[in-house]
$ cat work33.cif   # mmCIF, C-alpha atoms
data_run
#
loop_
_atom_site.label_atom_id
_atom_site.label_comp_id
_atom_site.auth_asym_id
_atom_site.auth_seq_id
_atom_site.Cartn_x
_atom_site.Cartn_y
_atom_site.Cartn_z
CA MET A 175 30.93 13.81 -0.18
CA GLN A 176 28.91 14.69 2.91
CA LEU A 177 25.77 14.10 0.87
CA VAL A 178 26.92 10.62 -0.15
CA GLU A 179 27.65 9.78 3.47
CA ASN A 180 24.17 10.98 4.48
CA LEU A 181 22.52 8.98 1.72
CA LYS A 182 24.14 5.67 2.65
CA PRO A 183 21.88 4.67 5.60
CA HIS A 184 18.79 5.43 3.49
CA LEU A 185 19.79 2.81 0.92
CA ALA A 186 19.69 -0.20 3.25
CA LYS A 187 19.88 0.28 7.01
CA ASN A 188 17.10 2.90 7.35
CA ASN A 189 15.49 2.26 3.99
CA ILE A 190 11.75 2.95 3.87
CA ILE A 191 10.93 -0.42 2.31
CA PHE A 192 13.66 -2.75 3.57
CA ALA A 193 14.01 -1.52 7.17
CA GLN A 194 10.77 0.26 8.02
CA SER A 195 8.38 -1.91 5.94
CA LEU A 196 6.46 1.18 4.83
CA GLY A 197 5.08 1.80 1.36
CA LEU A 198 4.93 -1.89 0.56
CA CYS A 199 1.86 -1.84 -1.68
CA PRO A 200 3.43 0.13 -4.56
CA ALA A 201 6.81 -1.52 -3.95
CA LEU A 202 5.33 -4.93 -4.75
CA ALA A 203 2.51 -4.08 -7.13
CA VAL A 204 4.35 -1.86 -9.60
CA SER A 205 7.68 -3.68 -9.55
CA ASN A 206 7.03 -6.14 -12.37
CA THR A 207 9.62 -4.40 -14.59
CA GLY A 208 12.57 -2.19 -13.76
CA LEU A 209 11.16 0.77 -15.71
CA ASN A 210 7.71 0.72 -14.07
CA ALA A 211 9.33 0.50 -10.66
CA PHE A 212 11.69 3.37 -11.41
CA VAL A 213 8.86 5.63 -12.63
CA MET A 214 6.78 4.80 -9.56
CA GLY A 215 9.80 5.55 -7.35
CA LEU A 216 10.30 8.94 -9.01
CA LEU A 217 6.63 9.89 -8.63
CA THR A 218 6.68 8.92 -4.95
CA LEU A 219 9.91 10.89 -4.48
CA LEU A 220 8.26 13.94 -6.06
CA VAL A 221 5.16 13.77 -3.86
CA LEU A 222 7.25 13.07 -0.76
CA VAL A 223 9.56 16.07 -1.29
CA LEU A 224 6.79 18.51 -2.30
CA SER A 225 4.43 17.57 0.53
CA SER A 226 7.17 17.45 3.20
CA SER A 227 8.37 20.91 2.15
CA LEU A 228 4.89 22.42 2.15
CA ILE A 229 3.97 20.81 5.48
CA SER A 230 7.17 22.11 7.01
CA MET A 231 6.31 25.62 5.76
CA ILE A 232 2.79 25.60 7.19
CA ARG A 233 3.64 23.70 10.36
CA SER A 234 3.18 26.68 12.73
CA PHE A 235 -0.40 27.34 11.52
CA VAL A 236 -1.57 23.73 11.81
CA PRO A 237 -3.56 23.02 14.98
CA HIS A 238 -2.31 19.86 16.64
CA GLN A 239 -5.68 18.04 16.78
CA ALA A 240 -6.44 18.60 13.10
CA ARG A 241 -2.99 17.82 11.75
CA ILE A 242 -3.64 14.39 10.21
CA PRO A 243 -6.56 15.48 7.97
CA ILE A 244 -4.60 18.58 6.93
CA PHE A 245 -1.53 16.51 6.05
CA ILE A 246 -3.65 14.09 4.06
CA VAL A 247 -5.26 16.92 2.09
CA VAL A 248 -1.83 18.38 1.27
CA ILE A 249 -0.56 14.98 0.14
CA ALA A 250 -3.74 14.24 -1.83
CA GLY A 251 -3.43 17.61 -3.58
CA PHE A 252 0.08 16.85 -4.79
CA VAL A 253 -0.91 13.32 -5.78
CA SER A 254 -3.77 14.64 -7.93
CA LEU A 255 -1.25 16.98 -9.56
CA VAL A 256 1.13 14.11 -10.35
CA ASP A 257 -1.79 11.96 -11.53
CA LEU A 258 -3.02 14.61 -14.01
CA PHE A 259 0.55 15.28 -15.16
CA MET A 260 1.11 11.58 -15.95
CA GLN A 261 -2.28 11.34 -17.68
CA GLY A 262 -1.48 14.38 -19.79
CA TYR A 263 2.11 13.74 -20.84
CA PHE A 264 2.92 10.05 -20.31
CA TYR A 265 -0.37 8.28 -20.99
CA GLU A 266 1.24 4.96 -22.04
CA GLN A 267 3.18 4.71 -18.79
CA TYR A 268 0.12 5.92 -16.86
CA LYS A 269 -1.92 2.98 -18.15
CA LEU A 270 0.71 0.50 -16.90
CA ILE A 271 0.86 1.88 -13.34
CA GLY A 272 -2.79 2.96 -13.26
CA LEU A 273 -4.51 2.62 -9.92
CA PHE A 274 -1.32 2.90 -7.91
CA ILE A 275 -0.71 6.57 -8.77
CA PRO A 276 -3.78 7.85 -6.85
CA LEU A 277 -2.89 5.35 -4.13
CA ILE A 278 0.34 7.27 -3.40
CA VAL A 279 -1.97 9.24 -1.03
CA VAL A 280 -2.16 6.30 1.34
CA ASN A 281 1.51 5.36 1.05
CA CYS A 282 2.21 5.26 4.78
CA ALA A 283 5.82 6.34 4.19
CA ILE A 284 4.70 9.82 3.14
CA LEU A 285 2.31 10.35 6.05
CA ALA A 286 4.91 8.96 8.44
CA SER A 287 7.52 11.40 7.12
CA ALA A 288 5.04 14.28 7.49
CA GLU A 289 4.14 13.30 11.03
CA THR A 290 7.56 12.43 12.44
CA MET A 291 9.86 14.75 10.50
CA ALA A 292 8.31 17.54 8.42
CA SER A 293 5.91 18.80 11.10
CA LYS A 294 8.85 19.38 13.45
CA SER A 295 11.72 20.63 11.31
CA ASP A 296 12.45 23.71 9.19
CA LEU A 297 12.16 23.84 5.43
CA ILE A 298 15.74 22.99 4.51
CA THR A 299 16.05 20.03 6.89
CA SER A 300 12.76 18.52 5.77
CA PHE A 301 13.60 19.10 2.10
CA VAL A 302 16.96 17.35 2.44
CA GLN A 303 15.65 14.54 4.66
CA SER A 304 12.67 13.79 2.44
CA THR A 305 14.84 13.85 -0.67
CA LEU A 306 17.23 11.33 0.90
CA ALA A 307 14.39 9.08 2.04
CA GLY A 308 12.71 9.36 -1.35
CA VAL A 309 15.91 8.45 -3.20
CA GLY A 310 16.20 5.45 -0.88
CA PHE A 311 12.63 4.44 -1.78
CA THR A 312 13.32 4.82 -5.51
CA PHE A 313 16.47 2.76 -5.15
CA ALA A 314 14.70 -0.03 -3.27
CA ILE A 315 11.69 -0.27 -5.59
CA THR A 316 13.94 -0.22 -8.68
CA LEU A 317 16.07 -2.98 -7.16
CA ILE A 318 12.99 -5.16 -6.60
CA GLY A 319 11.78 -4.35 -10.12
CA LEU A 320 15.13 -5.21 -11.70
CA LEU A 321 15.45 -8.46 -9.77
CA ARG A 322 11.97 -9.53 -10.85
CA GLU A 323 12.60 -8.50 -14.45
CA ILE A 324 15.96 -10.28 -14.66
CA LEU A 325 14.66 -13.50 -13.11
CA GLY A 326 11.21 -13.36 -14.67
CA SER A 327 11.93 -12.44 -18.26
CA LEU A 328 15.75 -12.40 -18.48
CA SER A 329 15.87 -8.75 -19.52
CA VAL A 330 17.09 -5.43 -18.07
CA PHE A 331 14.93 -2.31 -18.57
CA GLY A 332 13.21 -4.00 -21.52
CA PHE A 333 16.39 -5.25 -23.26
CA LYS A 334 16.46 -9.02 -23.61
CA LEU A 335 19.67 -10.59 -22.30
CA ILE A 336 19.07 -14.09 -23.64
CA GLU A 337 16.27 -15.29 -25.91
CA LEU A 338 14.81 -17.71 -23.38
CA ASN A 339 11.84 -17.77 -21.04
CA GLY A 340 12.63 -16.71 -17.49
CA ILE A 341 11.28 -18.06 -14.24
CA LEU A 342 7.70 -16.97 -14.89
CA ILE A 343 6.67 -17.10 -11.24
CA PHE A 344 8.60 -13.85 -10.64
CA MET A 345 6.25 -11.95 -12.95
CA THR A 346 3.19 -12.99 -10.90
CA PRO A 347 2.05 -11.46 -7.58
CA ALA A 348 3.46 -14.45 -5.70
CA GLY A 349 6.90 -13.78 -7.20
CA ALA A 350 6.85 -10.20 -5.91
CA PHE A 351 6.57 -11.43 -2.33
CA LEU A 352 9.28 -14.03 -2.89
CA ALA A 353 11.64 -11.46 -4.45
CA LEU A 354 11.23 -9.06 -1.54
CA GLY A 355 11.73 -11.91 0.94
CA ILE A 356 14.95 -12.94 -0.78
CA ILE A 357 16.29 -9.37 -0.87
CA LEU A 358 15.54 -8.93 2.85
CA ALA A 359 17.32 -12.18 3.65
CA ILE A 360 20.40 -11.07 1.68
CA ILE A 361 20.45 -7.72 3.52
CA ASN A 362 20.18 -9.58 6.85
CA ALA A 363 23.06 -11.85 5.89
CA PHE A 364 25.27 -8.83 5.10
CA LYS A 365 24.31 -7.14 8.38
CA GLU A 366 25.23 -10.25 10.30
CA ARG A 367 28.60 -10.51 8.60
CA GLU A 368 29.29 -6.86 9.50
CA ASN A 369 28.46 -7.59 13.14
CA ASP A 370 30.77 -10.60 13.24
CA TYR A 371 33.87 -8.60 12.33
CA MET B 153 -28.55 -13.91 -5.64
CA THR B 154 -26.25 -15.64 -8.17
CA ASP B 155 -24.71 -12.27 -9.05
CA PHE B 156 -24.07 -11.67 -5.38
CA LEU B 157 -22.39 -15.07 -4.94
CA ILE B 158 -20.23 -14.69 -8.04
CA LEU B 159 -19.06 -11.24 -6.96
CA LEU B 160 -18.40 -12.50 -3.47
CA LEU B 161 -16.38 -15.56 -4.53
CA THR B 162 -14.28 -13.67 -7.10
CA GLY B 163 -13.57 -10.97 -4.54
CA ILE B 164 -12.50 -13.39 -1.85
CA PHE B 165 -10.60 -16.04 -3.77
CA VAL B 166 -9.79 -15.08 -7.37
CA ASN B 167 -8.91 -11.41 -6.94
CA ASN B 168 -7.89 -11.57 -3.32
CA PHE B 169 -7.07 -8.02 -2.34
CA VAL B 170 -3.86 -8.73 -0.48
CA LEU B 171 -2.46 -11.72 -2.31
CA ALA B 172 -3.33 -10.82 -5.90
CA LYS B 173 -3.70 -7.04 -5.89
CA PHE B 174 -1.22 -5.95 -3.20
CA LEU B 175 -3.69 -3.66 -1.46
CA GLY B 176 -3.58 -3.21 2.30
CA LEU B 177 -0.16 -4.76 2.86
CA CYS B 178 0.98 -2.51 5.71
CA PRO B 179 -1.75 -3.53 8.18
CA PHE B 180 -1.50 -7.08 6.81
CA LEU B 181 2.10 -7.31 8.00
CA GLY B 182 1.64 -5.16 11.07
CA THR B 183 -1.25 -7.03 12.66
CA SER B 184 -0.50 -10.61 11.64
CA ASN B 185 1.88 -11.32 14.51
CA ASN B 186 -0.81 -12.21 17.04
CA SER B 187 -4.32 -13.53 16.70
CA ASN B 188 -6.07 -10.93 18.86
CA SER B 189 -4.95 -8.00 16.77
CA SER B 190 -5.60 -9.84 13.52
CA THR B 191 -9.19 -10.65 14.48
CA GLY B 192 -9.78 -7.02 15.44
CA MET B 193 -8.26 -5.78 12.20
CA SER B 194 -10.25 -8.23 10.05
CA LEU B 195 -13.56 -7.18 11.58
CA ALA B 196 -12.74 -3.50 11.31
CA VAL B 197 -11.68 -3.83 7.66
CA ILE B 198 -14.81 -5.75 6.59
CA PHE B 199 -16.96 -3.18 8.34
CA VAL B 200 -15.25 -0.09 6.96
CA LEU B 201 -14.75 -1.43 3.42
CA THR B 202 -18.44 -2.30 3.03
CA PHE B 203 -19.77 1.01 4.24
CA ALA B 204 -17.02 3.12 2.69
CA SER B 205 -17.69 1.69 -0.77
CA PHE B 206 -21.39 2.47 -0.29
CA THR B 207 -20.69 6.05 0.81
CA THR B 208 -18.10 6.83 -1.85
CA TYR B 209 -20.43 5.42 -4.52
CA VAL B 210 -23.24 7.71 -3.41
CA VAL B 211 -21.03 10.79 -3.32
CA ASN B 212 -19.39 9.92 -6.62
CA SER B 213 -22.64 9.37 -8.54
CA LEU B 214 -24.68 12.16 -6.93
CA ILE B 215 -22.11 14.94 -6.61
CA LEU B 216 -18.87 14.37 -8.53
CA LYS B 217 -20.28 12.94 -11.79
CA PRO B 218 -23.16 15.40 -12.38
CA PHE B 219 -20.85 18.37 -11.84
CA GLU B 220 -17.97 16.80 -13.82
CA LEU B 221 -15.58 17.05 -10.88
CA GLU B 222 -14.09 13.58 -11.35
CA PHE B 223 -10.53 14.92 -11.26
CA LEU B 224 -11.12 15.63 -7.56
CA GLN B 225 -11.88 11.94 -6.86
CA THR B 226 -8.69 11.12 -4.95
CA LEU B 227 -9.02 14.13 -2.68
CA VAL B 228 -12.74 13.74 -2.04
CA PHE B 229 -12.57 9.97 -1.48
CA ILE B 230 -9.78 10.15 1.07
CA LEU B 231 -11.64 12.87 2.97
CA ILE B 232 -14.84 10.82 2.94
CA ILE B 233 -12.96 7.76 4.18
CA ALA B 234 -11.17 9.69 6.93
CA SER B 235 -14.33 11.34 8.20
CA PHE B 236 -16.32 8.13 7.81
CA VAL B 237 -13.83 6.21 9.94
CA GLN B 238 -14.01 8.97 12.55
CA PHE B 239 -17.83 8.84 12.48
CA ILE B 240 -17.92 5.07 12.92
CA GLU B 241 -15.52 5.36 15.80
CA MET B 242 -17.81 7.80 17.63
CA LEU B 243 -20.92 5.77 16.82
CA LEU B 244 -19.40 2.54 18.12
CA LYS B 245 -18.07 4.24 21.24
CA LYS B 246 -21.57 5.49 22.07
CA TYR B 247 -23.74 2.49 21.19
CA PHE B 248 -21.59 -0.65 20.82
CA ILE B 249 -18.90 -0.27 23.42
CA THR B 250 -17.84 -3.96 23.33
CA LEU B 251 -17.26 -3.88 19.57
CA TYR B 252 -15.43 -0.57 20.00
CA GLN B 253 -13.09 -2.10 22.56
CA ALA B 254 -12.50 -5.17 20.39
CA LEU B 255 -11.47 -3.03 17.40
CA GLY B 256 -9.37 -0.68 19.52
CA ILE B 257 -6.50 1.10 17.81
CA PHE B 258 -7.15 -0.57 14.45
CA LEU B 259 -10.20 1.50 13.60
CA PRO B 260 -8.39 4.87 13.19
CA LEU B 261 -5.51 3.16 11.36
CA ILE B 262 -7.83 2.01 8.59
CA THR B 263 -7.81 5.48 7.02
CA THR B 264 -4.35 4.80 5.65
CA ASN B 265 -5.18 1.27 4.54
CA CYS B 266 -4.84 1.50 0.78
CA ALA B 267 -7.47 -1.22 0.30
CA VAL B 268 -10.23 1.24 1.25
CA LEU B 269 -9.22 3.94 -1.21
CA GLY B 270 -8.42 1.23 -3.74
CA VAL B 271 -11.94 -0.21 -3.58
CA ALA B 272 -13.47 3.25 -3.98
CA LEU B 273 -11.34 4.06 -7.02
CA LEU B 274 -11.85 0.63 -8.60
CA ASN B 275 -15.63 0.92 -8.16
CA SER B 276 -15.64 4.25 -9.92
CA SER B 277 -13.37 3.14 -12.78
CA LYS B 278 -15.38 -0.04 -13.36
CA ASN B 279 -18.69 1.90 -13.35
CA ASN B 280 -20.18 -0.51 -10.82
CA SER B 281 -23.80 -0.13 -9.71
CA LEU B 282 -24.62 0.61 -6.08
CA PHE B 283 -25.30 -3.08 -5.38
CA GLU B 284 -22.12 -4.22 -7.15
CA ALA B 285 -20.03 -1.58 -5.42
CA THR B 286 -21.20 -2.52 -1.93
CA THR B 287 -20.83 -6.25 -2.58
CA PHE B 288 -17.36 -5.69 -4.01
CA GLY B 289 -16.39 -3.80 -0.88
CA PHE B 290 -17.74 -6.54 1.36
CA ALA B 291 -15.99 -9.26 -0.67
CA ALA B 292 -12.70 -7.36 -0.63
CA GLY B 293 -12.97 -7.08 3.15
CA CYS B 294 -13.69 -10.79 3.54
CA GLY B 295 -10.75 -11.64 1.27
CA PHE B 296 -8.47 -9.48 3.39
CA ALA B 297 -9.79 -11.11 6.56
CA LEU B 298 -9.29 -14.63 5.18
CA ALA B 299 -5.71 -13.95 4.09
CA LEU B 300 -4.95 -12.27 7.42
CA VAL B 301 -6.31 -15.14 9.50
CA ILE B 302 -4.35 -17.72 7.47
CA LEU B 303 -1.11 -15.74 7.70
CA THR B 304 -1.52 -15.16 11.44
CA SER B 305 -1.90 -18.83 12.19
CA ILE B 306 1.15 -19.67 10.06
CA ARG B 307 3.22 -16.95 11.74
CA GLU B 308 2.30 -18.18 15.20
CA ASN B 309 3.64 -21.61 14.26
CA LEU B 310 6.79 -20.14 12.73
CA HIS B 311 8.03 -19.25 16.22
CA ASP B 312 8.69 -22.93 16.88
CA PHE B 313 11.01 -23.43 13.92
CA ASN B 314 14.76 -23.06 13.94
CA LEU B 315 15.27 -20.73 10.99
CA PRO B 316 18.57 -19.60 9.47
CA ASN B 317 19.42 -16.21 11.00
CA ALA B 318 19.22 -14.33 7.72
CA PHE B 319 15.59 -15.35 7.23
CA LYS B 320 14.40 -14.30 10.66
CA GLY B 321 11.99 -11.39 10.87
CA ASN B 322 10.21 -10.07 7.81
CA ALA B 323 12.14 -12.09 5.22
CA ILE B 324 10.47 -15.40 6.07
CA VAL B 325 7.09 -13.68 6.37
CA PHE B 326 7.33 -12.40 2.80
CA ILE B 327 8.34 -15.82 1.52
CA THR B 328 5.40 -17.34 3.42
CA ILE B 329 3.05 -14.79 1.83
CA GLY B 330 4.58 -15.63 -1.54
CA ILE B 331 3.80 -19.32 -1.14
CA LEU B 332 0.30 -18.45 0.11
CA ALA B 333 -0.19 -16.26 -2.97
CA MET B 334 0.88 -19.18 -5.19
CA GLY B 335 -1.86 -21.25 -3.59
CA PHE B 336 -4.43 -18.56 -4.29
CA MET B 337 -3.29 -18.39 -7.92
CA GLY B 338 -4.92 -21.78 -8.31
CA PHE B 339 -8.32 -20.14 -7.86
CA GLN B 340 -7.79 -17.97 -10.92
CA LEU B 341 -8.84 -20.87 -13.11
CA ILE B 342 -12.35 -20.58 -11.64
CA GLY B 343 -12.93 -17.29 -13.41
CA LYS B 344 -12.03 -18.74 -16.81
#
$ encode --input "work33.cif" --output "structure tokens"
Amino acid sequence: MQLVENLKPHLAKNNIIFAQSLGLCPALAVSNTGLNAFVMGLLTLLVLVLSSSLISMIRSFVPHQARIPIFIVVIAGFVSLVDLFMQGYFYEQYKLIGLFIPLIVVNCAILASAETMASKSDLITSFVQSTLAGVGFTFAITLIGLLREILGSLSVFGFKLIELNGILIFMTPAGAFLALGIILAIINAFKERENDY
Amino acid sequence: MTDFLILLLTGIFVNNFVLAKFLGLCPFLGTSNNSNSSTGMSLAVIFVLTFASFTTYVVNSLILKPFELEFLQTLVFILIIASFVQFIEMLLKKYFITLYQALGIFLPLITTNCAVLGVALLNSSKNNSLFEATTFGFAAGCGFALALVILTSIRENLHDFNLPNAFKGNAIVFITIGILAMGFMGFQLIGK
């Protein structure tokens, strides 16, 4: 139960995408279907947890001036691992996400978590915190993906709901921005209602 | 010359890096709230993208490809970009102090701009030549700068409007970018 309570703020109020506006590139680029978005979320979660844990373990050996390059090398190492894993075992899915898997390296959410959290806390704290933040990221990106898929092609995770064409604009880059804008506005409206009571 | 122009125009308008490929969104949002920071960021991005695509091309074709180390691309590219940005920072500080002051904090931040790594990886996957790679980098930078300048001027005018509360902040900015992206979609017909 404690875990559920801890997870709650990461889903909306402190969410990486919705509240901190970090990691936007993959959130918009790979969210054209629910499945793609979910896979991308899982991969980011994996890299985030692995690199935060390792950085937290090595934090006492890292000289302060050289920390950013060292963090980036750790993250890039794990990203290469994930990249090769996807290429080897899930090639079809790899082709769909493509360029954005190596670009997890420059997902600012991961570097930000390394800098602000993992480099200062012990292994267990940083493992738990990064897992929570990563689940929040996966949730947010899947939500954007599902919204775009439902509006754009009237289907959920590849299953057609109605045999009609959707609002095609939501499958294009422009639609990604609109979808995220709409979700943010809805979250704001809920927040405001909470404050009123 | 025609090749150069075609590459340049497709890079800027048809495949605009921010609006059509979603690369470099974090600095795009972060610096578009006032025109000073957006000018600094645009200049810094054009500069770094052009030279970083040149450098990564050279390293990729002279070191990684002959030794079949292409699986190390991500790691090597990000290190090159990080050290290259650092090098430019020192160079500018020593010889072009005015430019250095104009770019300010934005220069070091470019390392984590995914547009830079994106250009390097795209160049390598498309097997571009040295000339194509550098032009592509320059065009991508100009496209980023154009989109950033447009968005900044729109955002500065947005302050004067009485928006519904829910749309204040980032929500309206994303919707603005969405409409801007729709406009740029019109250019895609040029390539066909």
$ resolve_selection --input "work33.cif" --expression "the PyMOL selection byres ((chain B and resi 156-173) around 8)" --output "number ranges by chain"
A: 203, 347-348; B: 153-155, 174-177, 180, 267, 284, 287-288, 290-292, 294-296, 298-299, 329, 332-333, 336-337, 339-340, 342-343
$ residues_around --input "work33.cif" --residues "A:Asn188" --least-positions-apart "6" --cutoff "9 Å" --atoms "all atoms listed in the file" --output "list in words"
Lys182, Gln194, Ala307 and Gly310 of chain A
$ atom_distance --input "work33.cif" --atom1 "atom CA of A:Ile357" --atom2 "atom CA of B:Lys320"
12.7 Å
$ atom_distance --input "work33.cif" --atom1 "atom CA of B:Val271" --atom2 "atom CA of A:Val213"
23.4 Å
$ interface_residues --input "work33.cif" --of "chain A" --to "chain B" --cutoff "9 Å" --atoms "all atoms listed in the file" --output "MDAnalysis selection string"
chainID A and resid 195:200 202:203 243 246:247 249:251 253:254 258 273:274 276:282 285 343 346:366
$ closest_residue --input "work33.cif" --among "B:Ala204, B:Gly289, B:Val210, B:Glu220" --to "B:Val237" --atoms "all atoms listed in the file"
B:Ala204
$ resolve_selection --input "work33.cif" --expression "the PyMOL selection byres ((chain A and resi 306) around 10)" --output "count of residues only"
23
$ atom_distance --input "work33.cif" --atom1 "atom CA of A:Ala314" --atom2 "atom CA of A:Ala286"
17.7 Å
$ resolve_selection --input "work33.cif" --expression "the PyMOL selection byres ((chain A and resi 288-291) around 10)" --output "VMD selection string"
chain A and resid 222 225 to 230 233 241 to 242 245 to 246 249 282 to 287 292 to 296 299 to 300 303 to 304
$ write_last_selection --input "work33.cif" --atoms "C-alpha atoms" --output "tab-separated table (two decimals), in the coordinates of the input"
chain	number	residue	atom	x	y	z
A	222	LEU	CA	7.25	13.07	-0.76
A	225	SER	CA	4.43	17.57	0.53
A	226	SER	CA	7.17	17.45	3.20
A	227	SER	CA	8.37	20.91	2.15
A	228	LEU	CA	4.89	22.42	2.15
A	229	ILE	CA	3.97	20.81	5.48
A	230	SER	CA	7.17	22.11	7.01
A	233	ARG	CA	3.64	23.70	10.36
A	241	ARG	CA	-2.99	17.82	11.75
A	242	ILE	CA	-3.64	14.39	10.21
A	245	PHE	CA	-1.53	16.51	6.05
A	246	ILE	CA	-3.65	14.09	4.06
A	249	ILE	CA	-0.56	14.98	0.14
A	282	CYS	CA	2.21	5.26	4.78
A	283	ALA	CA	5.82	6.34	4.19
A	284	ILE	CA	4.70	9.82	3.14
A	285	LEU	CA	2.31	10.35	6.05
A	286	ALA	CA	4.91	8.96	8.44
A	287	SER	CA	7.52	11.40	7.12
A	292	ALA	CA	8.31	17.54	8.42
A	293	SER	CA	5.91	18.80	11.10
A	294	LYS	CA	8.85	19.38	13.45
A	295	SER	CA	11.72	20.63	11.31
A	296	ASP	CA	12.45	23.71	9.19
A	299	THR	CA	16.05	20.03	6.89
A	300	SER	CA	12.76	18.52	5.77
A	303	GLN	CA	15.65	14.54	4.66
A	304	SER	CA	12.67	13.79	2.44
$ residues_around --input "work33.cif" --residues "B:Gly192" --least-positions-apart "4" --cutoff "8 Å" --atoms "all atoms listed in the file" --output "list of chain:residue names"
B:Asn188, B:Ala196, B:Ala254, B:Leu255, B:Gly256, B:Phe258
$ closest_residue --input "work33.cif" --among "A:Lys187, A:Gly215, A:Asn369, A:Asp257" --to "A:Lys269" --atoms "all atoms listed in the file"
A:Asp257
